[in-house]
Amino acid sequence: MNLALEYSESGYMNYLCGGIFLFVGLFLINVLFSYQNKHIDPAFGTTLKYQIYAFPLFLIANMLIGYGIKFGFKAVHNLTFVLLTSKGMEVIIAVLIGYLFFKEAPTWKTLLEIFIMVIGVVISKMK
């Protein structure tokens with residue numbers, strides 16, 4: 001499948017696609033592993049069965065993350081910045097998934113961690 005967006009010269013489209021693809025892919029991966037942790041018996045057979053059934057979703061998530069990084073790189077031309085941003089997204093998604101699946105409320109330490117990561121991304125983007 002050839003994405004028409006791949007050949008777009010618009011930087012905004014690369015930002016938008018990169019951000020959306022990364023967020024959805026990371027969110028899907030975290031949902032799949034959180035579901036496994038909460039609802040799947042940790043025995044080898046049950047876990048293997050879940051992993052086999054969930055394989056198409058893992059494949060989709062990995063493709064989304066890969067294209068998100070690709071479009072992000074095309075937008076900013078800095079792989080370090082794209083990867084740092086994806087890690088920041090992953091932390092925010094982990095906090096969200098922790099709340100949704102395990103009713104874990106974020107503490108002030110979690111919010112401080114997110115703030116420090118945002119500051120790091122901003123500093124890395126400065127020239």
# chains A, B, ... in the order shown; residues from 1 in each chain; ligands from 1
>>> residues_around(residues="A:Tyr50", least_positions_apart="2", cutoff="12 Å", atoms="only C-alpha atoms", output="VMD selection string")
chain A and resid 32 to 33 35 to 37 39 to 48 52 to 58
>>> residues_around(residues="stretch 79-96 of chain A", least_positions_apart="5", cutoff="7 Å", atoms="only C-alpha atoms", output="list of chain:residue names")
A:Leu22, A:Phe23, A:Leu26, A:Phe27, A:Asn30, A:Ile69, A:Gly72, A:Phe73, A:Pro106, A:Met117, A:Val121, A:Ser124, A:Lys125
>>> write_last_selection(atoms="C-alpha atoms", output="mmCIF file, in the first residue's frame")
data_model
loop_
_atom_site.group_PDB
_atom_site.id
_atom_site.type_symbol
_atom_site.label_atom_id
_atom_site.label_comp_id
_atom_site.auth_asym_id
_atom_site.auth_seq_id
_atom_site.Cartn_x
_atom_site.Cartn_y
_atom_site.Cartn_z
ATOM 1 C CA LEU A 22 2.985 7.879 16.715
ATOM 2 C CA PHE A 23 0.257 8.552 19.254
ATOM 3 C CA LEU A 26 2.033 3.904 21.056
ATOM 4 C CA PHE A 27 -1.464 3.989 22.537
ATOM 5 C CA ASN A 30 0.218 0.186 25.670
ATOM 6 C CA ILE A 69 8.871 8.355 13.132
ATOM 7 C CA GLY A 72 8.275 13.164 12.034
ATOM 8 C CA PHE A 73 11.811 12.956 10.671
ATOM 9 C CA PRO A 106 -0.892 10.562 38.716
ATOM 10 C CA MET A 117 10.725 15.834 29.769
ATOM 11 C CA VAL A 121 12.510 18.433 24.356
ATOM 12 C CA SER A 124 16.967 19.890 22.424
ATOM 13 C CA LYS A 125 15.012 21.804 19.774
#
>>> residues_around(residues="A:Gly11", least_positions_apart="5", cutoff="12 Å", atoms="only C-alpha atoms", output="VMD selection string")
chain A and resid 5 to 6 16 to 18 71 to 77
>>> closest_residue(among="A:Ile20, A:Leu100, A:Met13, A:Met63", to="A:Ser34", atoms="only C-alpha atoms")
A:Leu100
>>> atom_distance(atom1="atom CA of A:Ile123", atom2="atom CA of A:Ala105")
28.5 Å
>>> atom_distance(atom1="atom CA of A:Ile65", atom2="atom CA of A:Val24")
8.0 Å
